[in-house]
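What follows is a single structure, written as structure tokens, with notes after it.
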Amino acid sequence: MLVIAILASFVAFLDGSIVNVALPAIEDELGGGVTLQQWVVDGYLLTLGSLMLVAGSLSDTFGRLRILTAGLLGFAATSLLAALAPTGETLIAARALQGVAGALLVPSSLALITSTFTGPAMPRAIGTWTAWTGVAFLIGPLAGGGLVDTVGWRWVFGIVIVPVVVTLALVARLPRDAHHGTDGEAHVDAVGAVLAALGLAGPVFALIEGQRIGFDHPLAVTALVGGLVCLGAFVAWEARAPHPMMPLRLFRVRAFAVGNLATVGIYAALGLGTLVIPLVIQEVGGLSATVSGLIMVPTTLISLALSSRVGSLAGRFGPRPFMTVGPLLVAAGFLWMLTASEPLDVWWQILPGVILFGLGITTTVTPLTSTVLAEIHPGESGIASAVNNAIARVAGLVAVAFVGVITGGVLDIAGFHRVVVVTAALLVLSAVVSGVGLRSDRLRTATAVRP
């Protein structure tokens, strides 16, 4: 089960890490400037974040492996569509459909772990899951850069089909009973899903397209106001819906609420940082996609080496110190990148910051995941992990939509510095939230003995 969970998440994470290094090449062929680059990323994150909550409910109802299989098949088909996209608009549509399929993968895979492992074994298993899914962040930039520089950016999407096929083969070998869920009546919160999708799409459209048509344009204003109204309606609906896709009662659990609040800042920062670093290396530094991928390798090597150990230590000492120090290390890494100037020296101005980034994020992510799920009943692990993952993706989605606003529409050294400062500020706020909001002793007990 752990191997299948790792491979399924690997598919979704690989797609996220492999695409960023291909954005300059995509823009060169299809045009569209920064706006197209933002939509290629956010088209995927928009549907992923909107529908992941529904996927969590489906996972608990129909069975984790059933939903996992549907997600894998859909991901393969939409990856092929993206690889063959003749225009920027078609590529954006394919990426949105990829997000629908990806929404079925992550909550189901993590729920497989939380429903299989208990006690101290759970944080260790999550640490192993974090480390090995982190291989996607190692393979992604390297493979993406190599493919872009040799056979072209379209293979960046086609290569994702390989791990999908391997995972489907392993799932097919499991006994039939393993695919069953609760066998209860399906309760899909369609109203909530529509309100969430519209509520996210409106502000994202306004932020990205506002750079082109003007933020005071009636279409941008309407999208922003309409989206915010839908988000408000979504929260109101979830509070009274008989079967909400985001049960608000979960946020009464202190660790869950604090962990998700920290998630917002951490993943918004990661969304900004992991997007602009490959872009600035290629577009400002004038280096190849392969080099931009190579620069990110230390982050994943550190994760592979330390994630399991960090998971064990967090189970022993509680997550509070890790979730406080970790974001501060990442912030220090990004602040180092303020040394960047023209001509760009990536080995001194960027690489040391990336190494600090790797140390900090490895220190943070496994304890964060364990914290969010530690005090949640195992029967709701699917929807709880879906809420956390959705919040993480939405945070990245909104952050990427803000890139043009922060940089002023041009990614030069000054714009890069502004992104770095915003990223560091988000991480410092997350560290404060974790340090003040978490109770280490209580969480140490909760992670050792599941409720």
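The way I read the labels, and the way they are meant: chains A, B, ... in the order of the structure tokens, residue 1 as the first residue of every chain, and ligand 1 as the first ligand shown, with later ones counted on from there.
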
**Message:** Could you pull out the helix (DSSP H, G or I) residues of region 242-451 of chain A, going by DSSP on the backbone, and write them as a PyMOL selection string?
**Reply:** chain A and resi 248-252+254-283+289-295+297-317+320-339+346-374+378-401+403-407+413-437+440-448

Find the nearest atom pair between each residue of region 187-211 of chain A and region 41-55 of chain A for residues within 8 Å, count only C-alpha atoms, give distances in Å to one decimal, sort rows by chain and ascending number, and present the table as CSV.
```
residue,atom,partner,partner_atom,distance
A:Val188,CA,A:Val54,CA,6.6
A:Asp189,CA,A:Val54,CA,6.9
A:Ala193,CA,A:Leu51,CA,6.4
A:Ala196,CA,A:Ser50,CA,5.7
A:Ala197,CA,A:Ser50,CA,5.1
A:Leu200,CA,A:Leu46,CA,7.0
A:Ala201,CA,A:Leu46,CA,6.9
```

Got time to write the residues from that selection, C-alpha atoms, as a PDB file, in the first residue's frame?
```
ATOM      1  CA  VAL A 188     -21.260  14.448  -3.486  1.00  0.00           C
ATOM      2  CA  ASP A 189     -21.452  18.107  -2.524  1.00  0.00           C
ATOM      3  CA  ALA A 193     -17.874  22.115  -5.633  1.00  0.00           C
ATOM      4  CA  ALA A 196     -15.558  26.651  -4.712  1.00  0.00           C
ATOM      5  CA  ALA A 197     -14.576  26.472  -8.375  1.00  0.00           C
ATOM      6  CA  LEU A 200     -11.376  30.528  -6.956  1.00  0.00           C
ATOM      7  CA  ALA A 201     -11.648  31.119 -10.702  1.00  0.00           C
TER       8      ALA A 201
END
```

**Prompt:** From the list A:Ser307, A:Thr369, A:Ser59, A:Ser292, which residue is nearest Ile350 (chain A) when using only C-alpha atoms?
**Reply:**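 Checking each candidate against Ile350 (chain A), we get A:Ser292 as the closest.
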
Region 368-412 of chain A residues near region 358-364 of chain A within 12 Å, closest pair each, using only C-alpha atoms, as CSV:
```
residue,atom,partner,partner_atom,distance
A:Leu368,CA,A:Thr364,CA,6.0
A:Thr369,CA,A:Thr364,CA,8.8
A:Ser370,CA,A:Thr364,CA,10.4
A:Thr371,CA,A:Thr364,CA,10.6
```

Got time to write the residues from that selection, N, CA and C atoms, as a short mmCIF file (atom, residue, chain, number, x, y, z; two decimals), in the first residue's frame?
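Heads up, here's the output in result-v5.cif:
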```
data_model
loop_
_atom_site.label_atom_id
_atom_site.label_comp_id
_atom_site.auth_asym_id
_atom_site.auth_seq_id
_atom_site.Cartn_x
_atom_site.Cartn_y
_atom_site.Cartn_z
N LEU A 368 4.31 18.87 9.41
CA LEU A 368 3.08 19.59 9.05
C LEU A 368 1.98 18.60 8.68
N THR A 369 2.29 17.63 7.84
CA THR A 369 1.30 16.63 7.43
C THR A 369 0.80 15.83 8.62
N SER A 370 1.73 15.40 9.49
CA SER A 370 1.34 14.63 10.67
C SER A 370 0.47 15.46 11.61
N THR A 371 0.79 16.74 11.75
CA THR A 371 0.03 17.61 12.65
C THR A 371 -1.41 17.75 12.21
#
```

**Selected residue of minimal separation from Ser308 (chain A) among A:Val264, A:Trp129, A:Trp347, A:Val171, counting only C-alpha atoms** =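 Smallest separation from Ser308 (chain A) among the options: A:Trp129.
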
**Request:** For Ala399 (chain A), work out the shell of residues within 9 Å, counting only C-alpha atoms and skipping chain neighbours fewer than 6 positions away, then give it as a list in words.
**Result:**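 Residues near the query, excluding close chain neighbours: Tyr267, Ala268, Ala269, Leu270, Gly271 and Leu272 of chain A.
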
Print the selection's residues with N, CA and C atoms to a file, as a PDB file, in the first residue's frame.
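What landed in part-v7.pdb:
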```
ATOM      1  N   TYR A 267       2.851  27.073   1.582  1.00  0.00           N
ATOM      2  CA  TYR A 267       2.665  26.653   0.191  1.00  0.00           C
ATOM      3  C   TYR A 267       2.462  27.825  -0.760  1.00  0.00           C
ATOM      4  N   ALA A 268       1.995  28.950  -0.241  1.00  0.00           N
ATOM      5  CA  ALA A 268       2.001  30.157  -1.079  1.00  0.00           C
ATOM      6  C   ALA A 268       3.440  30.547  -1.392  1.00  0.00           C
ATOM      7  N   ALA A 269       4.301  30.476  -0.387  1.00  0.00           N
ATOM      8  CA  ALA A 269       5.712  30.789  -0.593  1.00  0.00           C
ATOM      9  C   ALA A 269       6.364  29.816  -1.561  1.00  0.00           C
ATOM     10  N   LEU A 270       6.068  28.523  -1.411  1.00  0.00           N
ATOM     11  CA  LEU A 270       6.645  27.536  -2.319  1.00  0.00           C
ATOM     12  C   LEU A 270       6.141  27.738  -3.743  1.00  0.00           C
ATOM     13  N   GLY A 271       4.869  28.100  -3.889  1.00  0.00           N
ATOM     14  CA  GLY A 271       4.334  28.360  -5.220  1.00  0.00           C
ATOM     15  C   GLY A 271       5.080  29.491  -5.909  1.00  0.00           C
ATOM     16  N   LEU A 272       5.357  30.553  -5.166  1.00  0.00           N
ATOM     17  CA  LEU A 272       6.108  31.675  -5.727  1.00  0.00           C
ATOM     18  C   LEU A 272       7.554  31.289  -6.029  1.00  0.00           C
TER      19      LEU A 272
END
```

**Fill in**
Of A:Phe205, A:Phe117, A:Phe317, A:Phe10, the one nearest to Val162 (chain A) when counting only C-alpha atoms is A:Phe10

**Request:** Would you mind telling me which residue in A:Val372, A:Leu427, A:Val310, A:Val405 lies nearest to Leu328 (chain A) when using only C-alpha atoms?
**Result:**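 Of A:Val372, A:Leu427, A:Val310, A:Val405, the one nearest Leu328 (chain A) is A:Leu427, counting only C-alpha atoms.
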
**Message:** Under the rule that only C-alpha atoms are counted, which of A:Leu81, A:Ala233, A:Leu261, A:Leu112 is the nearest residue to Val3 (chain A)?
**Reply:**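 Between A:Leu81, A:Ala233, A:Leu261, A:Leu112, the residue approaching Val3 (chain A) most closely is A:Leu112.
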
**Pro278 (chain A) surroundings by only C-alpha atoms, 6 Å radius, close-in-sequence under 2 positions cut, as a VMD selection string** = chain A and resid 21 276 280 to 281 292

**Request:** Select, from A:Gly437, A:Gly315, A:Gly285, A:Gly415, the residue with the minimum atom-to-atom distance to Val253 (chain A), counting only C-alpha atoms.
**Result:** A:Gly437

**Request:** Determine, counting only C-alpha atoms, which protein, DNA and RNA residues have an atom within 10 Å of an atom of Gly227 (chain A); residues of the same chain fewer than 3 positions away are not included. Present the result as a list of chain:residue names.
**Result:** A:Leu195, A:Ala196, A:Ala197, A:Leu198, A:Gly199, A:Leu200, A:Ala201, A:Gly202, A:Pro203, A:Val204, A:Phe205, A:Ala206, A:Val221, A:Thr222, A:Ala223, A:Leu224, A:Cys230, A:Leu231, A:Gly232, A:Ala233

Write the residues you've just listed into a file as an mmCIF file, in the first residue's frame, and include C-alpha atoms for each of them.
```cif
data_model
loop_
_atom_site.group_PDB
_atom_site.id
_atom_site.type_symbol
_atom_site.label_atom_id
_atom_site.label_comp_id
_atom_site.auth_asym_id
_atom_site.auth_seq_id
_atom_site.Cartn_x
_atom_site.Cartn_y
_atom_site.Cartn_z
ATOM 1 C CA LEU A 195 -19.188 27.507 -5.522
ATOM 2 C CA ALA A 196 -15.558 26.651 -4.712
ATOM 3 C CA ALA A 197 -14.576 26.472 -8.375
ATOM 4 C CA LEU A 198 -16.259 29.777 -9.239
ATOM 5 C CA GLY A 199 -14.959 31.418 -6.076
ATOM 6 C CA LEU A 200 -11.376 30.528 -6.956
ATOM 7 C CA ALA A 201 -11.648 31.119 -10.702
ATOM 8 C CA GLY A 202 -12.933 34.687 -10.335
ATOM 9 C CA PRO A 203 -10.058 36.200 -8.333
ATOM 10 C CA VAL A 204 -7.449 34.190 -10.262
ATOM 11 C CA PHE A 205 -8.853 35.429 -13.583
ATOM 12 C CA ALA A 206 -8.887 39.013 -12.298
ATOM 13 C CA VAL A 221 -13.834 43.772 -11.504
ATOM 14 C CA THR A 222 -16.847 41.528 -12.135
ATOM 15 C CA ALA A 223 -14.703 38.394 -11.929
ATOM 16 C CA LEU A 224 -13.101 39.507 -8.673
ATOM 17 C CA CYS A 230 -19.055 32.774 -4.355
ATOM 18 C CA LEU A 231 -16.360 32.092 -1.755
ATOM 19 C CA GLY A 232 -18.545 33.645 0.924
ATOM 20 C CA ALA A 233 -21.511 31.592 -0.283
#
```

**Asked** Counting only C-alpha atoms, what is within 10 Å of Ala414 (chain A), bar same-chain residues fewer than 6 positions away, as a list of chain:residue names?
**Response** A:Leu338, A:Ala340, A:Ser341, A:Thr407, A:Gly408, A:Val420

**Asked** Just how far from CA of Val422 (chain A) is CA of Ile266 (chain A), in Å to one decimal?
**Response** 11.7 Å
